[in-house]
$ cat run19.cif   # mmCIF, C-alpha atoms and all ligand atoms
data_work
loop_
_atom_site.label_atom_id
_atom_site.label_comp_id
_atom_site.auth_asym_id
_atom_site.auth_seq_id
_atom_site.Cartn_x
_atom_site.Cartn_y
_atom_site.Cartn_z
CA MET R 1 20.41 -68.73 -34.07
CA ASN R 2 21.78 -72.17 -34.93
CA ALA R 3 19.39 -74.64 -36.49
CA PRO R 4 18.42 -77.27 -33.93
CA THR R 5 20.46 -80.44 -34.11
CA LEU R 6 18.78 -83.64 -35.18
CA VAL R 7 18.75 -84.91 -31.61
CA GLU R 8 17.19 -81.71 -30.27
CA SER R 9 14.55 -81.57 -32.95
CA GLN R 10 13.61 -85.19 -32.25
CA THR R 11 13.41 -84.79 -28.49
CA PRO R 12 9.92 -85.98 -27.67
CA GLN R 13 7.84 -83.53 -25.66
CA LEU R 14 4.72 -84.03 -23.57
CA ASN R 15 3.29 -81.27 -21.47
CA LEU R 16 0.62 -82.88 -19.37
CA THR R 17 1.29 -81.66 -15.85
CA GLY R 18 -1.80 -79.42 -16.01
CA ASP R 19 -4.04 -82.48 -16.44
CA PHE R 20 -3.16 -83.65 -12.91
CA PRO R 21 -4.68 -81.47 -10.17
CA ILE R 22 -2.50 -82.84 -7.36
CA LEU R 23 0.67 -81.73 -9.11
CA SER R 24 -0.20 -78.10 -8.48
CA ARG R 25 -0.25 -78.53 -4.68
CA PRO R 26 2.96 -77.56 -2.95
CA VAL R 27 4.63 -80.01 -0.55
CA LYS R 28 6.58 -78.59 2.37
CA GLY R 29 6.39 -75.20 0.68
CA ARG R 30 8.09 -76.52 -2.46
CA ARG R 31 6.89 -77.50 -5.92
CA LEU R 32 5.92 -81.17 -5.80
CA VAL R 33 8.32 -83.34 -7.81
CA TYR R 34 6.53 -86.66 -7.82
CA LEU R 35 8.89 -89.50 -8.71
CA ASP R 36 7.17 -92.37 -6.92
CA ASN R 37 5.13 -93.49 -9.91
CA GLY R 38 6.24 -97.11 -9.57
CA ALA R 39 4.30 -97.21 -6.29
CA THR R 40 1.26 -95.42 -7.67
CA THR R 41 0.58 -92.77 -10.29
CA GLN R 42 -1.35 -89.55 -9.84
CA LYS R 43 -4.77 -89.24 -11.45
CA PRO R 44 -5.77 -86.90 -14.27
CA ALA R 45 -8.88 -84.75 -13.86
CA ALA R 46 -10.56 -86.93 -16.51
CA VAL R 47 -10.38 -89.97 -14.19
CA ILE R 48 -11.44 -88.08 -11.07
CA GLN R 49 -14.39 -86.54 -12.92
CA ALA R 50 -15.45 -89.85 -14.47
CA GLU R 51 -15.73 -91.47 -11.02
CA CYS R 52 -17.48 -88.43 -9.58
CA GLN R 53 -19.92 -88.29 -12.47
CA TYR R 54 -20.60 -92.01 -12.11
CA TYR R 55 -21.77 -91.49 -8.52
CA GLU R 56 -23.70 -88.33 -9.42
CA GLN R 57 -25.44 -89.66 -12.52
CA SER R 58 -25.20 -93.41 -12.94
CA ASN R 59 -24.84 -95.26 -9.63
CA ALA R 60 -26.76 -98.54 -9.28
CA ASN R 61 -25.89 -102.19 -8.86
CA ILE R 62 -25.16 -104.03 -12.09
CA HIS R 63 -26.32 -107.15 -13.94
CA ARG R 64 -29.49 -108.06 -12.03
CA GLY R 65 -31.54 -104.88 -12.25
CA VAL R 66 -34.33 -104.20 -14.72
CA HIS R 67 -34.48 -100.46 -14.02
CA PHE R 68 -32.82 -97.75 -16.09
CA LEU R 69 -29.89 -96.95 -13.79
CA SER R 70 -28.98 -100.58 -13.26
CA GLN R 71 -28.85 -101.16 -16.98
CA HIS R 72 -26.90 -97.94 -17.49
CA ALA R 73 -24.35 -98.92 -14.81
CA THR R 74 -24.09 -102.39 -16.38
CA ASP R 75 -23.37 -100.81 -19.76
CA LEU R 76 -20.60 -98.65 -18.25
CA TYR R 77 -19.12 -101.67 -16.49
CA GLU R 78 -19.10 -103.81 -19.63
CA GLN R 79 -17.78 -100.88 -21.65
CA GLY R 80 -14.84 -100.84 -19.22
CA ARG R 81 -14.20 -104.49 -20.00
CA GLU R 82 -14.10 -103.71 -23.71
CA SER R 83 -11.65 -100.88 -22.96
CA VAL R 84 -9.28 -103.27 -21.14
CA ARG R 85 -9.62 -105.76 -23.99
CA ARG R 86 -8.51 -103.06 -26.43
CA LEU R 87 -5.67 -101.90 -24.17
CA LEU R 88 -4.21 -105.41 -24.09
CA ASN R 89 -5.39 -106.42 -27.58
CA ALA R 90 -7.10 -109.51 -26.18
CA ALA R 91 -9.18 -111.48 -28.65
CA ARG R 92 -12.46 -111.40 -26.69
CA ASP R 93 -14.13 -109.49 -23.85
CA GLU R 94 -14.74 -112.75 -21.97
CA GLU R 95 -10.98 -113.02 -21.45
CA ILE R 96 -10.98 -109.99 -19.12
CA VAL R 97 -11.77 -110.50 -15.41
CA PHE R 98 -11.98 -107.48 -13.12
CA THR R 99 -10.07 -107.81 -9.85
CA ARG R 100 -8.72 -105.61 -7.05
CA GLY R 101 -5.37 -105.39 -8.81
CA THR R 102 -2.26 -107.28 -9.79
CA THR R 103 -1.99 -109.07 -6.46
CA GLU R 104 -5.55 -110.36 -6.56
CA SER R 105 -5.24 -111.35 -10.22
CA ILE R 106 -2.20 -113.53 -9.45
CA ASN R 107 -3.91 -115.05 -6.42
CA LEU R 108 -6.95 -115.82 -8.57
CA VAL R 109 -4.78 -117.78 -11.00
CA ALA R 110 -2.90 -119.53 -8.17
CA TYR R 111 -6.05 -120.56 -6.30
CA SER R 112 -8.22 -121.43 -9.29
CA TRP R 113 -5.92 -122.73 -12.02
CA GLY R 114 -3.17 -123.72 -9.60
CA TRP R 115 -5.30 -125.79 -7.25
CA ALA R 116 -6.94 -127.57 -10.17
CA ASN R 117 -3.76 -128.32 -12.07
CA LEU R 118 -0.75 -128.60 -9.75
CA LYS R 119 0.45 -131.68 -7.96
CA GLU R 120 3.56 -133.05 -6.32
CA GLY R 121 6.47 -133.24 -8.74
CA ASN R 122 5.30 -130.24 -10.78
CA GLU R 123 7.37 -127.08 -10.95
CA ILE R 124 6.57 -123.38 -11.08
CA LEU R 125 9.30 -121.18 -12.47
CA VAL R 126 9.53 -117.51 -11.51
CA THR R 127 12.33 -115.03 -12.02
CA GLY R 128 14.70 -113.60 -9.46
CA MET R 129 13.32 -110.11 -10.03
CA GLU R 130 9.65 -110.78 -9.18
CA HIS R 131 7.59 -108.60 -6.87
CA HIS R 132 6.48 -110.48 -3.75
CA SER R 133 3.01 -110.74 -5.26
CA ASN R 134 4.40 -112.99 -7.99
CA ILE R 135 6.31 -115.13 -5.48
CA VAL R 136 4.23 -115.65 -2.35
CA PRO R 137 0.99 -116.93 -3.98
CA TRP R 138 3.07 -119.60 -5.75
CA GLN R 139 4.89 -120.46 -2.53
CA LEU R 140 1.55 -120.95 -0.78
CA LEU R 141 0.42 -123.14 -3.66
CA CYS R 142 3.62 -125.19 -3.55
CA GLU R 143 3.29 -125.70 0.22
CA ARG R 144 -0.20 -127.10 -0.28
CA THR R 145 0.33 -129.16 -3.43
CA GLY R 146 3.90 -130.38 -3.04
CA ALA R 147 4.96 -128.60 -6.23
CA ARG R 148 8.37 -126.94 -6.34
CA LEU R 149 9.23 -123.28 -6.91
CA ARG R 150 12.30 -122.64 -9.04
CA VAL R 151 13.96 -119.35 -9.86
CA VAL R 152 15.63 -117.88 -12.97
CA PRO R 153 18.77 -116.02 -11.85
CA VAL R 154 19.42 -112.34 -12.51
CA THR R 155 22.72 -111.07 -13.96
CA ASP R 156 24.79 -108.21 -12.49
CA SER R 157 23.25 -105.76 -14.94
CA GLY R 158 19.76 -106.79 -13.85
CA GLU R 159 18.78 -108.96 -16.80
CA LEU R 160 17.50 -112.51 -16.75
CA ASP R 161 20.06 -115.22 -17.42
CA MET R 162 18.45 -116.70 -20.51
CA ASP R 163 20.77 -119.73 -20.62
CA GLU R 164 19.71 -120.60 -17.08
CA TYR R 165 16.08 -120.03 -18.05
CA ARG R 166 16.42 -122.48 -20.92
CA ALA R 167 18.10 -124.99 -18.63
CA LEU R 168 15.45 -124.67 -15.91
CA LEU R 169 12.50 -125.25 -18.26
CA ASN R 170 11.58 -128.93 -18.39
CA SER R 171 8.61 -131.27 -18.72
CA ARG R 172 7.78 -130.78 -15.00
CA THR R 173 7.35 -127.00 -15.45
CA ARG R 174 3.63 -126.20 -15.35
CA LEU R 175 3.73 -122.42 -15.13
CA VAL R 176 6.24 -119.62 -15.67
CA GLY R 177 5.69 -116.29 -13.90
CA ILE R 178 7.57 -113.33 -15.40
CA VAL R 179 7.48 -109.65 -14.57
CA HIS R 180 7.17 -107.66 -17.80
CA VAL R 181 8.92 -104.57 -16.39
CA SER R 182 10.74 -104.90 -13.07
CA ASN R 183 9.54 -102.38 -10.47
CA ALA R 184 12.91 -102.51 -8.70
CA LEU R 185 15.27 -102.41 -11.72
CA GLY R 186 13.28 -101.10 -14.65
CA THR R 187 14.37 -104.06 -16.79
CA ILE R 188 12.03 -104.87 -19.66
CA ASN R 189 12.04 -108.64 -19.96
CA PRO R 190 11.78 -110.47 -23.32
CA VAL R 191 8.35 -111.88 -22.46
CA GLN R 192 7.47 -112.90 -26.01
CA GLU R 193 10.59 -115.04 -26.45
CA MET R 194 10.26 -116.43 -22.92
CA THR R 195 6.63 -117.36 -23.56
CA ARG R 196 7.56 -119.20 -26.75
CA MET R 197 10.21 -121.17 -24.87
CA ALA R 198 7.82 -121.97 -22.00
CA HIS R 199 5.15 -123.17 -24.41
CA GLU R 200 7.67 -125.44 -26.14
CA ALA R 201 8.26 -127.01 -22.72
CA GLY R 202 4.49 -127.38 -22.22
CA ALA R 203 4.12 -124.70 -19.51
CA LEU R 204 1.64 -121.84 -19.26
CA VAL R 205 2.88 -118.29 -18.79
CA LEU R 206 1.70 -115.51 -16.49
CA VAL R 207 3.08 -112.05 -17.18
CA ASP R 208 2.98 -109.45 -14.40
CA GLY R 209 2.29 -106.23 -16.26
CA ALA R 210 1.92 -103.95 -13.21
CA GLN R 211 4.79 -101.71 -14.33
CA ALA R 212 4.33 -102.21 -18.05
CA VAL R 213 0.84 -101.09 -19.05
CA ALA R 214 1.42 -97.38 -18.39
CA HIS R 215 4.74 -97.26 -20.19
CA THR R 216 4.59 -99.48 -23.23
CA VAL R 217 2.19 -100.94 -25.78
CA VAL R 218 1.02 -104.37 -24.58
CA ASP R 219 -0.32 -106.97 -27.00
CA VAL R 220 -1.24 -110.23 -25.29
CA GLN R 221 -1.84 -111.94 -28.61
CA ALA R 222 1.66 -111.03 -29.82
CA ILE R 223 3.23 -112.07 -26.50
CA ASP R 224 1.03 -115.18 -26.67
CA CYS R 225 0.96 -115.44 -22.85
CA ASP R 226 -1.81 -117.31 -21.06
CA PHE R 227 -2.31 -114.75 -18.26
CA TYR R 228 -1.52 -111.04 -18.06
CA VAL R 229 -2.21 -109.01 -14.92
CA PHE R 230 -2.14 -105.33 -14.00
CA SER R 231 -3.42 -102.70 -11.53
CA ALA R 232 -5.39 -99.59 -12.51
CA HIS R 233 -3.63 -97.36 -9.97
CA LYS R 234 -0.29 -97.62 -11.76
CA LEU R 235 -2.06 -96.62 -15.00
CA TYR R 236 -3.42 -93.27 -13.76
CA GLY R 237 -6.59 -95.02 -12.60
CA PRO R 238 -8.15 -95.73 -9.20
CA THR R 239 -6.77 -97.88 -6.38
CA GLY R 240 -8.39 -101.22 -5.52
CA MET R 241 -9.00 -101.98 -9.19
CA GLY R 242 -7.26 -104.13 -11.75
CA ALA R 243 -7.69 -106.89 -14.26
CA LEU R 244 -6.67 -110.37 -15.26
CA TYR R 245 -6.41 -111.34 -18.89
CA ALA R 246 -6.67 -115.09 -19.35
CA ARG R 247 -6.70 -116.92 -22.66
CA TYR R 248 -10.29 -118.09 -23.22
CA ASP R 249 -9.40 -121.77 -23.64
CA VAL R 250 -7.64 -121.76 -20.27
CA LEU R 251 -10.14 -119.53 -18.41
CA LYS R 252 -13.26 -121.42 -19.46
CA ASP R 253 -12.04 -124.58 -17.69
CA MET R 254 -10.92 -122.86 -14.48
CA PRO R 255 -13.02 -123.49 -11.35
CA PRO R 256 -14.36 -120.60 -9.23
CA TRP R 257 -12.16 -119.37 -6.42
CA GLN R 258 -14.60 -117.12 -4.54
CA GLY R 259 -18.27 -117.98 -4.14
CA GLY R 260 -21.20 -115.60 -3.84
CA GLY R 261 -23.69 -113.58 -5.80
CA ASP R 262 -23.23 -112.93 -9.51
CA MET R 263 -20.88 -115.87 -10.12
CA ILE R 264 -23.56 -118.57 -10.15
CA HIS R 265 -26.00 -120.05 -12.60
CA THR R 266 -28.25 -121.83 -10.09
CA VAL R 267 -28.01 -122.39 -6.34
CA SER R 268 -29.65 -125.06 -4.22
CA PHE R 269 -28.57 -126.51 -0.88
CA GLU R 270 -27.55 -129.68 -2.65
CA ARG R 271 -25.45 -128.12 -5.37
CA SER R 272 -24.69 -124.90 -7.18
CA THR R 273 -23.77 -124.41 -10.81
CA TYR R 274 -21.56 -121.59 -11.97
CA ALA R 275 -21.81 -118.77 -14.44
CA ASP R 276 -19.80 -118.64 -17.64
CA VAL R 277 -16.56 -116.69 -17.71
CA PRO R 278 -15.72 -113.99 -16.82
CA GLN R 279 -18.68 -113.67 -14.36
CA ARG R 280 -17.62 -116.94 -12.69
CA PHE R 281 -14.66 -115.00 -11.27
CA GLU R 282 -16.47 -111.82 -10.27
CA ALA R 283 -18.35 -112.83 -7.11
CA GLY R 284 -20.24 -110.10 -5.26
CA THR R 285 -20.79 -106.46 -6.10
CA PRO R 286 -17.67 -105.33 -7.90
CA ASN R 287 -15.90 -101.98 -7.87
CA ILE R 288 -18.18 -100.43 -10.51
CA ALA R 289 -16.90 -96.88 -10.01
CA GLY R 290 -13.38 -98.32 -10.21
CA VAL R 291 -14.12 -99.82 -13.60
CA VAL R 292 -15.46 -96.46 -14.78
CA GLY R 293 -12.26 -94.80 -13.51
CA LEU R 294 -10.08 -97.43 -15.16
CA ASP R 295 -11.95 -96.96 -18.43
CA ALA R 296 -11.31 -93.19 -18.23
CA ALA R 297 -7.62 -93.81 -17.46
CA ILE R 298 -7.24 -96.11 -20.46
CA ARG R 299 -8.90 -93.52 -22.70
CA TYR R 300 -6.58 -90.89 -21.28
CA VAL R 301 -3.34 -92.78 -21.99
CA GLN R 302 -4.61 -93.90 -25.38
CA GLY R 303 -5.45 -90.27 -26.14
CA VAL R 304 -1.84 -89.32 -25.41
CA GLY R 305 -0.61 -92.45 -27.20
CA LEU R 306 1.43 -95.21 -25.59
CA GLU R 307 4.19 -94.95 -28.21
CA ALA R 308 4.54 -91.23 -27.46
CA ILE R 309 4.56 -91.93 -23.72
CA ALA R 310 7.24 -94.63 -24.11
CA SER R 311 9.53 -92.43 -26.16
CA TYR R 312 9.07 -89.39 -23.90
CA GLU R 313 9.79 -91.41 -20.74
CA ASP R 314 12.77 -92.99 -22.45
CA HIS R 315 14.14 -89.53 -23.13
CA LEU R 316 13.72 -88.60 -19.43
CA LEU R 317 15.31 -91.91 -18.40
CA GLN R 318 18.39 -91.25 -20.54
CA LEU R 319 18.72 -87.74 -19.13
CA ALA R 320 18.28 -88.92 -15.53
CA THR R 321 20.75 -91.79 -16.01
CA GLU R 322 23.42 -89.45 -17.41
CA GLN R 323 22.86 -86.92 -14.65
CA LEU R 324 22.89 -89.45 -11.81
CA LEU R 325 26.07 -91.08 -13.04
CA GLU R 326 27.81 -87.71 -12.81
CA LEU R 327 27.29 -87.72 -9.05
CA PRO R 328 30.12 -89.22 -7.00
CA GLY R 329 29.59 -92.45 -5.07
CA ILE R 330 26.36 -93.41 -6.76
CA ARG R 331 25.65 -96.90 -8.08
CA LEU R 332 22.75 -97.69 -10.35
CA ILE R 333 21.13 -101.03 -9.59
CA GLY R 334 19.71 -102.21 -12.89
CA THR R 335 21.54 -101.24 -16.05
CA ALA R 336 19.81 -103.56 -18.51
CA ALA R 337 19.94 -102.70 -22.21
CA ALA R 338 16.13 -102.61 -22.32
CA LYS R 339 14.79 -100.45 -19.49
CA ALA R 340 11.63 -98.50 -18.65
CA GLY R 341 11.61 -95.28 -16.59
CA ILE R 342 12.86 -96.59 -13.26
CA LEU R 343 16.13 -95.56 -11.60
CA SER R 344 17.15 -97.62 -8.60
CA PHE R 345 20.35 -96.54 -6.92
CA VAL R 346 22.47 -96.60 -3.81
CA VAL R 347 24.60 -93.70 -2.65
CA ASP R 348 27.81 -94.26 -0.65
CA GLY R 349 27.44 -93.32 2.98
CA ILE R 350 23.71 -92.51 2.91
CA HIS R 351 21.01 -95.04 3.75
CA PRO R 352 18.21 -95.05 1.14
CA HIS R 353 15.64 -94.16 3.81
CA ASP R 354 17.66 -91.13 4.91
CA LEU R 355 17.95 -90.12 1.27
CA GLY R 356 14.19 -90.38 0.82
CA THR R 357 13.56 -88.26 3.92
CA ILE R 358 16.03 -85.54 2.91
CA LEU R 359 14.69 -85.35 -0.64
CA ASP R 360 11.19 -84.99 0.77
CA THR R 361 12.18 -81.73 2.44
CA ASP R 362 12.77 -80.42 -1.10
CA GLY R 363 9.36 -81.66 -2.27
CA VAL R 364 11.00 -84.53 -4.18
CA ALA R 365 9.04 -87.76 -3.62
CA ILE R 366 10.99 -90.97 -4.23
CA ARG R 367 10.72 -94.43 -2.67
CA ALA R 368 13.32 -96.15 -0.53
CA GLY R 369 13.46 -99.77 0.54
CA HIS R 370 13.24 -103.25 -0.90
CA HIS R 371 10.33 -102.41 -3.25
CA CYS R 372 8.61 -105.71 -2.35
CA ALA R 373 11.47 -107.54 -4.06
CA MET R 374 13.50 -108.79 -1.08
CA PRO R 375 15.09 -111.75 -2.91
CA LEU R 376 16.34 -109.35 -5.58
CA MET R 377 17.91 -107.06 -2.95
CA THR R 378 19.60 -110.12 -1.42
CA ARG R 379 20.90 -111.00 -4.90
CA PHE R 380 22.58 -107.58 -5.09
CA GLY R 381 23.77 -107.76 -1.46
CA ILE R 382 21.93 -104.60 -0.39
CA PRO R 383 19.05 -103.98 2.02
CA GLY R 384 17.32 -101.68 -0.40
CA THR R 385 17.66 -98.88 -2.92
CA ALA R 386 16.41 -95.38 -3.49
CA ARG R 387 14.08 -95.42 -6.48
CA ALA R 388 12.93 -92.63 -8.74
CA SER R 389 10.24 -93.78 -11.16
CA LEU R 390 8.94 -91.71 -14.05
CA ALA R 391 5.51 -91.01 -15.48
CA LEU R 392 4.14 -89.13 -18.47
CA TYR R 393 3.72 -85.89 -16.46
CA ASN R 394 7.33 -85.72 -15.31
CA THR R 395 9.58 -83.14 -16.92
CA GLU R 396 13.26 -82.44 -17.44
CA GLU R 397 12.88 -79.94 -14.61
CA ASP R 398 11.81 -82.80 -12.32
CA VAL R 399 14.93 -84.76 -13.25
CA LEU R 400 17.14 -81.76 -12.53
CA ALA R 401 15.34 -81.19 -9.21
CA LEU R 402 16.09 -84.80 -8.25
CA VAL R 403 19.77 -84.39 -9.06
CA ALA R 404 19.99 -81.07 -7.20
CA ALA R 405 18.33 -82.60 -4.12
CA LEU R 406 20.74 -85.56 -4.25
CA ARG R 407 23.71 -83.19 -4.40
CA LYS R 408 22.33 -81.35 -1.40
CA ALA R 409 21.93 -84.62 0.53
CA GLN R 410 25.52 -85.61 -0.25
CA LYS R 411 26.74 -82.23 0.95
CA LEU R 412 24.74 -82.64 4.15
CA PHE R 413 26.32 -86.05 4.77
CA GLY R 414 29.72 -84.83 3.66
CA THR R 415 29.91 -87.61 1.09
CA GLY R 416 29.82 -85.63 -2.16
CA ARG R 417 32.70 -83.91 -3.94
CA GLU R 418 32.59 -80.16 -3.84
CA ALA R 419 32.15 -78.89 -7.35
N1 LIG J 501 4.03 -106.49 -9.50
C1 LIG J 501 4.79 -105.41 -9.70
C2 LIG J 501 5.90 -105.48 -10.71
C3 LIG J 501 4.54 -104.24 -9.00
O1 LIG J 501 5.30 -103.16 -9.21
C4 LIG J 501 3.48 -104.22 -8.06
C5 LIG J 501 3.19 -102.97 -7.25
N2 LIG J 501 4.32 -102.36 -6.72
C6 LIG J 501 2.71 -105.36 -7.90
C7 LIG J 501 3.01 -106.47 -8.64
C8 LIG J 501 1.55 -105.39 -6.96
O2 LIG J 501 0.55 -104.53 -7.39
P1 LIG J 501 -0.70 -104.18 -6.47
O3 LIG J 501 -0.17 -103.82 -5.13
O4 LIG J 501 -1.36 -103.04 -7.17
O5 LIG J 501 -1.55 -105.41 -6.44
#

$ encode --input "run19.cif" --output "structure tokens"
Amino acid sequence: MNAPTLVESQTPQLNLTGDFPILSRPVKGRRLVYLDNGATTQKPAAVIQAECQYYEQSNANIHRGVHFLSQHATDLYEQGRESVRRLLNAARDEEIVFTRGTTESINLVAYSWGWANLKEGNEILVTGMEHHSNIVPWQLLCERTGARLRVVPVTDSGELDMDEYRALLNSRTRLVGIVHVSNALGTINPVQEMTRMAHEAGALVLVDGAQAVAHTVVDVQAIDCDFYVFSAHKLYGPTGMGALYARYDVLKDMPPWQGGGDMIHTVSFERSTYADVPQRFEAGTPNIAGVVGLDAAIRYVQGVGLEAIASYEDHLLQLATEQLLELPGIRLIGTAAAKAGILSFVVDGIHPHDLGTILDTDGVAIRAGHHCAMPLMTRFGIPGTARASLALYNTEEDVLALVAALRKAQKLFGTGREA
């Protein structure tokens, strides 16, 4: 037998499908090929068991109780905060606020920091490839404060036009919102360089890490951003759970945005005073089980290793890109030099929704539509794309199943070339 080539011997391998119970259930009588990870990831048994065990062994309300279970639940909750701090390499636990997810984290910043700091004449700069959740909260803020929303254009390959970015930054810019990894294109944006430029102009930076945390090492101190947001459910954790990282110096001066229990120091009918951060931003009983699940998810990905995950997914991305480009009449939307495991594409003569429905009959789950990035679709002159998005449990077999199902769809529509 020939010795393996260098490339073969270096092909990164992960074999984690067995950790995810749902992946062993058939769909429509076929093996499930789950390629909708950009929308949400499946959960490993470790996460499911951690939440289950929390309710069986540890459930109580946190922070105010003197009894054993309350203190135990509080410890688990605060241990989850420390886990997020480590994941993002934040400097202190107080910089981590638990939220319902990316969307709520951005709204928190818009309503708290934004209301306190924005006025007419100010500008907020976002990019042309943002998810709606990093557009609409700023639009609402602009409508109410008279500030102006400006947009960094996207090039044909799906990268940010850095010359335009430089030109748009000015002394009126108060905040720059950048998606770390685009959910619709897969582009990995140069957030560190963009943050440095924004800071030179005197603006703060919010990085939307929804699609980044599960696929790459994130270091908020190296990026030097002021806010970083993500959702647990895209990181193999539970839905309805997420976090906001905010630099301590910025967070400590931000006013509350939701009032209620747990976020106060004292309350009287004349006046209330507020807790220190991060409790000031965690009004009411939080998603304690969600924090436990998120903690388990972080431990799971760190156990596998984010570098190993990134290089394995990159290998699958290269394979999928090569294979898709061999199909006739297919156009990849998003061909940036730096990309994470997302393949957005359009196929001549087949609407993305039809494609999604046909692939589903083969057990292949992809997403079709505008991916909550309507301005980006308008930029490319298309109503939407079909999107296959990768995770650590996907395999080469999954990629080949996707390609085979696409061939079948083209044959059905009479748009493919006969081999
Ligand atoms: N930003 C990006 C880049 C996303 O991919 C998503 C989810 N598709 C969001 C924000 C919103 O996340 P969530 O719905 O979990 O709040």

$ residues_around --input "run19.cif" --residues "R:Asn107" --least-positions-apart "3" --cutoff "9 Å" --atoms "all atoms listed in the file" --output "VMD selection string"
chain R and resid 102 to 104 110 to 112 133 to 134 137 to 138

$ residues_around --input "run19.cif" --residues "R:Ala201" --least-positions-apart "4" --cutoff "7 Å" --atoms "all atoms listed in the file" --output "list in words"
Leu169, Asn170, Ser171 and Met197 of chain R

$ closest_atom_pairs --input "run19.cif" --of "chain R" --to "ligand LIG 501 (chain J)" --cutoff "6 Å" --atoms "only C-alpha atoms and all ligand atoms" --output "CSV"
residue,atom,partner,partner_atom,distance
R:Ala39,CA,J:LIG501,N2,5.2
R:Gly101,CA,J:LIG501,O5,4.5
R:Thr102,CA,J:LIG501,O5,3.9
R:Thr103,CA,J:LIG501,O5,3.7
R:His131,CA,J:LIG501,N1,4.9
R:Ser133,CA,J:LIG501,C7,5.4
R:Val179,CA,J:LIG501,C2,5.9
R:Ser182,CA,J:LIG501,C2,5.4
R:Asn183,CA,J:LIG501,O1,4.5
R:Asp208,CA,J:LIG501,N1,5.8
R:Ala210,CA,J:LIG501,C1,4.8
R:Gln211,CA,J:LIG501,C2,5.3
R:Ser231,CA,J:LIG501,O4,4.8

$ residues_around --input "run19.cif" --residues "R:Asp253" --least-positions-apart "4" --cutoff "9 Å" --atoms "only C-alpha atoms" --output "VMD selection string"
chain R and resid 113 248 to 249

$ atom_distance --input "run19.cif" --atom1 "atom CA of R:Ala73" --atom2 "atom CA of R:Gln57"
9.6 Å

$ atom_distance --input "run19.cif" --atom1 "atom CA of R:Ile264" --atom2 "atom CA of R:Arg64"
12.2 Å

$ closest_residue --input "run19.cif" --among "R:Arg196, R:Arg271, R:Arg148, R:Lys408" --to "R:Thr173" --atoms "only C-alpha atoms"
R:Arg148

$ closest_residue --input "run19.cif" --among "R:Ala275, R:Val33, R:Leu316, R:Ala368" --to "R:His351" --atoms "all atoms listed in the file"
R:Ala368

$ atom_distance --input "run19.cif" --atom1 "atom CA of R:Leu235" --atom2 "atom CA of R:Ala214"
4.9 Å

$ closest_atom_pairs --input "run19.cif" --of "stretch 12-126 of chain R" --to "stretch 142-145 of chain R" --cutoff "12 Å" --atoms "all atoms listed in the file" --output "Markdown table"
| residue | atom | partner | partner_atom | distance |
| --- | --- | --- | --- | --- |
| R:Ala110 | CA | R:Cys142 | CA | 9.8 |
| R:Tyr111 | CA | R:Arg144 | CA | 10.6 |
| R:Gly114 | CA | R:Thr145 | CA | 8.9 |
| R:Trp115 | CA | R:Thr145 | CA | 7.6 |
| R:Ala116 | CA | R:Thr145 | CA | 10.0 |
| R:Asn117 | CA | R:Thr145 | CA | 9.6 |
| R:Leu118 | CA | R:Thr145 | CA | 6.4 |
| R:Lys119 | CA | R:Thr145 | CA | 5.2 |
| R:Glu120 | CA | R:Thr145 | CA | 5.8 |
| R:Gly121 | CA | R:Thr145 | CA | 9.1 |
| R:Asn122 | CA | R:Thr145 | CA | 8.9 |
| R:Glu123 | CA | R:Cys142 | CA | 8.5 |
| R:Ile124 | CA | R:Cys142 | CA | 8.3 |
| R:Leu125 | CA | R:Cys142 | CA | 11.3 |

$ write_last_selection --input "run19.cif" --atoms "C-alpha atoms" --output "PDB file, in the frame of the given file"
ATOM      1  CA  ALA R 110      -2.900-119.530  -8.170  1.00  0.00           C
ATOM      2  CA  TYR R 111      -6.050-120.560  -6.300  1.00  0.00           C
ATOM      3  CA  GLY R 114      -3.170-123.720  -9.600  1.00  0.00           C
ATOM      4  CA  TRP R 115      -5.300-125.790  -7.250  1.00  0.00           C
ATOM      5  CA  ALA R 116      -6.940-127.570 -10.170  1.00  0.00           C
ATOM      6  CA  ASN R 117      -3.760-128.320 -12.070  1.00  0.00           C
ATOM      7  CA  LEU R 118      -0.750-128.600  -9.750  1.00  0.00           C
ATOM      8  CA  LYS R 119       0.450-131.680  -7.960  1.00  0.00           C
ATOM      9  CA  GLU R 120       3.560-133.050  -6.320  1.00  0.00           C
ATOM     10  CA  GLY R 121       6.470-133.240  -8.740  1.00  0.00           C
ATOM     11  CA  ASN R 122       5.300-130.240 -10.780  1.00  0.00           C
ATOM     12  CA  GLU R 123       7.370-127.080 -10.950  1.00  0.00           C
ATOM     13  CA  ILE R 124       6.570-123.380 -11.080  1.00  0.00           C
ATOM     14  CA  LEU R 125       9.300-121.180 -12.470  1.00  0.00           C
TER      15      LEU R 125
END

$ closest_residue --input "run19.cif" --among "R:Ala401, R:Ala297, R:Val364, R:Ile358" --to "R:Leu87" --atoms "all atoms listed in the file"
R:Ala297

$ closest_residue --input "run19.cif" --among "R:Ile382, R:Leu406, R:Ala336, R:Ala391" --to "R:Ile188" --atoms "only C-alpha atoms"
R:Ala336

$ residues_around --input "run19.cif" --residues "R:Leu402" --least-positions-apart "4" --cutoff "12 Å" --atoms "only C-alpha atoms" --output "MDAnalysis selection string"
chainID R and resid 31:36 319:321 323:324 327 343 355:356 358:366 386:390 394:398 406:409

$ closest_residue --input "run19.cif" --among "R:Ala289, R:Ala90, R:Val181, R:Ile135" --to "R:Ala340" --atoms "all atoms listed in the file"
R:Val181

$ residues_around --input "run19.cif" --residues "R:Ala91" --least-positions-apart "5" --cutoff "12 Å" --atoms "all atoms listed in the file" --output "PyMOL selection string"
chain R and resi 82+84-86+96+219-222+224+245-249
